[in-house]
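Worksheet for the structure shown next.
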Amino acid sequence: MERKAYNILNHIDSPNDLRKLKVDELPALCSELRDDIIHELSVNPGHLASSLGVVELTVALHYVFNTPNDRIVWDVGHQAYAHKIITGRRDAFCTNRKLNGIRPFPSPNESEYDTFTCGHASNSISAALGMAVASKLTGQKRKVVAIIGDGAMSGGLAFEGLNNVSSQPNDMLIILNDNNMSIDRSVGGMKQLLINLNTNETYNNLRFRISQWMKRHGMLSENRRHGLIRFNNALKSAISHQQNVFEGMNIRYFGPVDGHNVMELVRVLRQLKNMKGPKMLHLHTIKGKGYEPAEKNAQTWHAPGKFDVETGERIISDSTGQPPKFQEVFGHTILELAKANKRIVGITPAMPSGCSLNIMMKAMPSRTFDVGIAEGHAVTFSAGMAKDGMMPFCNIYSAFAQRAYDNIIHDAAILNLPLVICLDRAGLVGEDGPTHHGAFDIPALRTIPNITIASPMDERELRHLMYTAQLPDKGTFVIRYPRGRGVCPDWRCPMEEIEVGTGRKLHEGNDVAVLSLGPLGNNVREAILQLEKEGNPISVAHYDMRFAKPLDAKLLSEIALHHTKIVTIEDGSIAGGFGSAVMEWMADHGYTPTIHRLGLPDQFIQHGSVGELHQLVGVDIDTIKRTILSL
C-alpha cells in the first residue's frame, strides 16, 4: 500500500519533533495519526480498536514527558500502535506482526522508547514502581508513568502493585485508561467502581484553599504530607459521599477526564508532572474512537483482519468446506456436554469470544462465568466449584495460564479435583509472538502429581477428550489444543471415551518410529505419505501418543522393542517437554534407542505466520522428512 502524505505526521520521526509543535496543532496530528493506523491495518491486520482509543493520550504523553529518559510503561501492549509510529517506526509499521518485522507488542529489544514487555495484562504498575524507586535510589531525575486499562485493572498483579505504591518513595503517575472494555466487555466490581467515580468540585476547591494556606504557614513538610493526604481522603469521602479505593491507598486521584481532548490532556499532565507522591489520573476513552464501525462494535474490531476503510466491511475469506477452528469445536462441544451433564459449567478469564465459550454463554448464561483478566482466580474459582460438586471447564490461553501455575498446583492438583483446564492457543500462535506462544505448558505441568495432560491430533479427538475429561474419577485434566483450523470438515461425531494414558498406532513401519503429540501429527502423516510417493525405501511407523502424562507404557514398550531409531515431535518446548518425557521413560526402563526430538528450541520464538514459524523451528513437513531420512 502506498503511504499517504500528511501535513504534520510526515514530519514526525521522534517525540522531539512532536514537541516542536504548538499545542493547538496536536488535534490535527491526532486526526492524521488515527487515519494512518486505520489505513495501515486495513491491509496489514492487527489490533485496531484499542490503539484508536489512546491516540490522544499517546500524543499528550510524548508531548509533555521527556521520553525516552522519562519512562512510559504500557499495559496491554495492543494499545501501543500510535506510540510505535511516533517513536521512529512509522516507515517500518507496514511490517508489524510480520516475520522479521517490528514486534506486535512493545519491547525494549526493539526500541529505547519501549520500556518493558507488555504482551500480558496488569504488570505496568509493578514494573513502573520498580523503575520509579530505582530512579530515586540511583539519583536519576526521570518521571515514570504507567498506563493501565483495557480491563487490566481486574488482574491481581495490578492490585498488588497499587498496594505497594504508597509505601515506597516515588512520584509515579498511574493513568487509568477506562474504556469499559478488555477484549470482551469488562466485568466485575472494579468496572462499576470506575463508572461511578467522580471528582467533586466542592472538595477540589476546599482542598486547594487548605493546601495554599498550609504552604504559606510552612506546614507541608514531608513528615506531615502523608497525614494530610489521609485527611484529604477522608474529607473527600465525606463531601462526595463515596469512598475512592485509590485514595484509600494514599494515591491521589484525579478525574475522570476526557481522554480524547488532547489539549486538555496536555494541560492536566503538565500539572501532574512535577507533583510529589503517587497519583492516579482516570481517563474515559472510547475503544475504536474515530472509526464508526469500531466504535459501534469494539469487540469485533479489536483485531478485525483486513477491511475496506470506506465501507467498514471486513474482508473475510470464504471458509465454505474448510475445517472449523479448534476454538469453535470446543464451543459447540462444551454446550453439547453441558446439556447432557448439569454439573458442567464454563469459566474464562475475559476471553469468551476468543475461546468460543460465548456459544455456551448465550445458551446457558447462568452456567458460564467470565471472571475478567484474572487467570489465577479463574483456576481457583473453578477449583472451588469443583470441590462442591460442579464440573468446571476452565478455558485459558496457554501463555496466560502461566500466571495460574501456583493455583493449578495448590488449589486443584493437591486435592485431585475434578476440573478440566482447556489450554487454548497451545503451541505457536503466529503473529502475536513470544508473549503469546503456548510453548511452556507441558514442561511446566507434567511434573505435577494428579494431573493428566492430553493433546488432540484433530477436532474429533478434541471432542473425545472433552467427553472423557468430564467422566467420573478423572481428576484434574488438562487438554491443550492450537489456535486456528484443524483438518476435519466432518468433525461432528459421536463422542467416545478415550482410556487415559493410551495412544494409537496410525502407520506401520520398521525402520524409524515417529511419536507425535497433538496436531503436528498431521504434519507427520503428510511427511510419511510424501516419502512413500517419492519412492523412498525407508519404512516409518507413526504413533499418535495423545497423552504427555501419563505416557502409554504399553505402546512405548512395543516401540522400544521394535525400533532403535525414534523421532518425537511436539508443538511445545523441547526442554522438559514430551520428547524429554519419552527419553526419561526409555532410560528408566533400560531401553537405549537413538531418539531425535523435534519441537520448539530453548529460546523465545519471534512472530510470523504459523507456517513460517514451523519452518523456522523445524517442525514443518520438509524438516520431518529430512530428519527421518537422516536416521
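How things are named: the first chain in the C-alpha cells is A, the next is B, and so on; residues count from 1 in each chain; ligands count from 1 in the order shown.
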
Test item, alpha helix (DSSP H) assignment across region 282-447 of chain A, answer as number ranges by chain = A: 292-296, 326-340, 358-363, 375-387, 398-401, 405-407, 441-445

Which residues come within 9 Å of Gly599 (chain A), counting only C-alpha atoms, excluding same-chain residues fewer than 4 positions away, as a list in words?
-> Thr568, Ile569, Glu570, Asp571, Gly572, Ser573, Ile574, Ala575, Gly577, Gly579, Val617, Gly618 and Val619 of chain A

Between A:Cys488, A:Leu173, A:Thr300, A:Gly518, which one has atoms that come closest to Gly427 (chain A), using only C-alpha atoms?
-> A:Gly518

Find the spatial neighbours of Ile125 (chain A), counting only C-alpha atoms, within a cut-off of 10 Å - ignore same-chain residues fewer than 3 positions away - and output them as a VMD selection string.
-> chain A and resid 73 to 75 122 128 to 131 145 to 148 153 157 to 162 164 to 165 172 to 175

Written file, previous selection with N, CA and C atoms, as an mmCIF file, in the first residue's frame:
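Once everything was written out, this is selection19.cif:
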```
data_model
loop_
_atom_site.group_PDB
_atom_site.id
_atom_site.type_symbol
_atom_site.label_atom_id
_atom_site.label_comp_id
_atom_site.auth_asym_id
_atom_site.auth_seq_id
_atom_site.Cartn_x
_atom_site.Cartn_y
_atom_site.Cartn_z
ATOM 1 N N VAL A 73 5.321 3.298 30.687
ATOM 2 C CA VAL A 73 5.169 1.846 30.797
ATOM 3 C C VAL A 73 3.753 1.471 30.378
ATOM 4 N N TRP A 74 3.650 0.838 29.219
ATOM 5 C CA TRP A 74 2.344 0.439 28.708
ATOM 6 C C TRP A 74 1.880 -0.868 29.345
ATOM 7 N N ASP A 75 0.600 -0.967 29.545
ATOM 8 C CA ASP A 75 -0.027 -2.210 29.989
ATOM 9 C C ASP A 75 -0.966 -2.660 28.879
ATOM 10 N N SER A 122 -1.778 -6.234 33.212
ATOM 11 C CA SER A 122 -1.761 -5.955 34.650
ATOM 12 C C SER A 122 -0.373 -5.787 35.269
ATOM 13 N N ALA A 128 6.473 -0.167 36.696
ATOM 14 C CA ALA A 128 6.729 1.269 36.790
ATOM 15 C C ALA A 128 7.171 1.661 38.195
ATOM 16 N N LEU A 129 6.586 1.026 39.201
ATOM 17 C CA LEU A 129 7.008 1.322 40.577
ATOM 18 C C LEU A 129 8.469 0.931 40.772
ATOM 19 N N GLY A 130 8.857 -0.213 40.221
ATOM 20 C CA GLY A 130 10.260 -0.603 40.308
ATOM 21 C C GLY A 130 11.173 0.417 39.665
ATOM 22 N N MET A 131 10.759 0.939 38.509
ATOM 23 C CA MET A 131 11.561 1.958 37.824
ATOM 24 C C MET A 131 11.614 3.255 38.632
ATOM 25 N N VAL A 145 5.600 6.897 34.233
ATOM 26 C CA VAL A 145 4.156 6.855 34.011
ATOM 27 C C VAL A 145 3.754 5.434 33.645
ATOM 28 N N ALA A 146 2.751 4.919 34.322
ATOM 29 C CA ALA A 146 2.172 3.618 33.969
ATOM 30 C C ALA A 146 0.798 3.847 33.372
ATOM 31 N N ILE A 147 0.545 3.231 32.228
ATOM 32 C CA ILE A 147 -0.781 3.321 31.598
ATOM 33 C C ILE A 147 -1.426 1.953 31.700
ATOM 34 N N ILE A 148 -2.494 1.870 32.464
ATOM 35 C CA ILE A 148 -3.186 0.593 32.626
ATOM 36 C C ILE A 148 -4.629 0.770 32.170
ATOM 37 N N MET A 153 -7.158 -3.696 35.063
ATOM 38 C CA MET A 153 -7.293 -3.435 36.494
ATOM 39 C C MET A 153 -7.958 -4.589 37.229
ATOM 40 N N LEU A 157 -2.269 -8.784 39.899
ATOM 41 C CA LEU A 157 -0.979 -8.111 39.987
ATOM 42 C C LEU A 157 -1.141 -6.596 40.051
ATOM 43 N N ALA A 158 -2.160 -6.072 39.380
ATOM 44 C CA ALA A 158 -2.400 -4.629 39.427
ATOM 45 C C ALA A 158 -2.692 -4.177 40.853
ATOM 46 N N PHE A 159 -3.470 -4.979 41.590
ATOM 47 C CA PHE A 159 -3.789 -4.618 42.968
ATOM 48 C C PHE A 159 -2.585 -4.792 43.887
ATOM 49 N N GLU A 160 -1.756 -5.778 43.620
ATOM 50 C CA GLU A 160 -0.535 -5.930 44.406
ATOM 51 C C GLU A 160 0.363 -4.713 44.214
ATOM 52 N N GLY A 161 0.458 -4.239 42.960
ATOM 53 C CA GLY A 161 1.250 -3.044 42.702
ATOM 54 C C GLY A 161 0.679 -1.815 43.378
ATOM 55 N N LEU A 162 -0.640 -1.635 43.274
ATOM 56 C CA LEU A 162 -1.287 -0.491 43.926
ATOM 57 C C LEU A 162 -1.054 -0.504 45.428
ATOM 58 N N ASN A 164 1.395 -1.535 47.021
ATOM 59 C CA ASN A 164 2.774 -1.217 47.363
ATOM 60 C C ASN A 164 3.170 0.209 46.995
ATOM 61 N N VAL A 165 2.397 0.842 46.115
ATOM 62 C CA VAL A 165 2.775 2.158 45.595
ATOM 63 C C VAL A 165 2.936 3.192 46.696
ATOM 64 N N MET A 172 5.471 8.526 40.959
ATOM 65 C CA MET A 172 4.949 7.998 39.705
ATOM 66 C C MET A 172 3.504 8.410 39.469
ATOM 67 N N LEU A 173 3.158 8.427 38.192
ATOM 68 C CA LEU A 173 1.799 8.721 37.756
ATOM 69 C C LEU A 173 1.210 7.464 37.144
ATOM 70 N N ILE A 174 0.043 7.075 37.626
ATOM 71 C CA ILE A 174 -0.696 5.950 37.062
ATOM 72 C C ILE A 174 -1.845 6.526 36.251
ATOM 73 N N ILE A 175 -1.918 6.162 34.994
ATOM 74 C CA ILE A 175 -3.025 6.608 34.149
ATOM 75 C C ILE A 175 -3.942 5.426 33.919
#
```

All residues 9 Å or closer to Glu56 (chain A), only C-alpha atoms, same chain fewer than 3 positions away omitted, as a PyMOL selection string | chain A and resi 26-27+30+52-53+59-61+259-263+265

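Pairwise distance (CA of Arg270 (chain A), CA of His47 (chain A)) equals 29.6 Å.
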
Quick one: residues within 10 Å of Asp91 (chain A), only C-alpha atoms counted, chain neighbours fewer than 4 positions away excluded, as number ranges by chain?
-> A: 3, 10, 13, 85, 95

For the residues in the current selection, export C-alpha atoms as a PDB file, in the first residue's frame.
```pdb
ATOM      1  CA  ARG A   3       1.783   5.555   2.189  1.00  0.00           C
ATOM      2  CA  ASN A  10       5.110  13.110   7.745  1.00  0.00           C
ATOM      3  CA  ASP A  13      10.164  10.959  13.251  1.00  0.00           C
ATOM      4  CA  ILE A  85       4.520   5.295  14.933  1.00  0.00           C
ATOM      5  CA  THR A  95       6.000  -4.865   8.736  1.00  0.00           C
TER       6      THR A  95
END
```

Distance query region 391-398 of chain A at most 9 Å, only C-alpha atoms, self and fewer than 4 positions along chain excluded, as a PyMOL selection string | chain A and resi 334+341-349+351-352+355+357+375+378-379+382-383+385-386+402+418-427+436-441+470+480-481

Go through A:His377, A:Lys273, A:His78, A:Arg460 one by one, measure the shortest atom-to-atom distance of each to Pro494 (chain A) using only C-alpha atoms, and give the residue with the smallest value.
-> A:Arg460

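Using only C-alpha atoms for every distance, the candidate list A:Ser42, A:Gln299, A:Thr594, A:His542 yields A:Ser42 as the residue closest to Glu313 (chain A).
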
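Comparing the minimum interatomic distances between Ala399 (chain A) and each of A:Ile442, A:Val43, A:Ile37, A:Leu137, counting only C-alpha atoms, we find that A:Ile442 sits nearest.
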
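Backbone DSSP of region 108-151 of chain A yields strand (DSSP E or B) at Val144, Val145, Ala146, Ile147, Ile148 and Gly149 of chain A.
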
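Note that CA of Thr311 (chain A) and CA of Tyr291 (chain A) are 11.0 Å apart.
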
Separation of CA of Ile72 (chain A) from CA of Gln271 (chain A) in Å = 17.1 Å
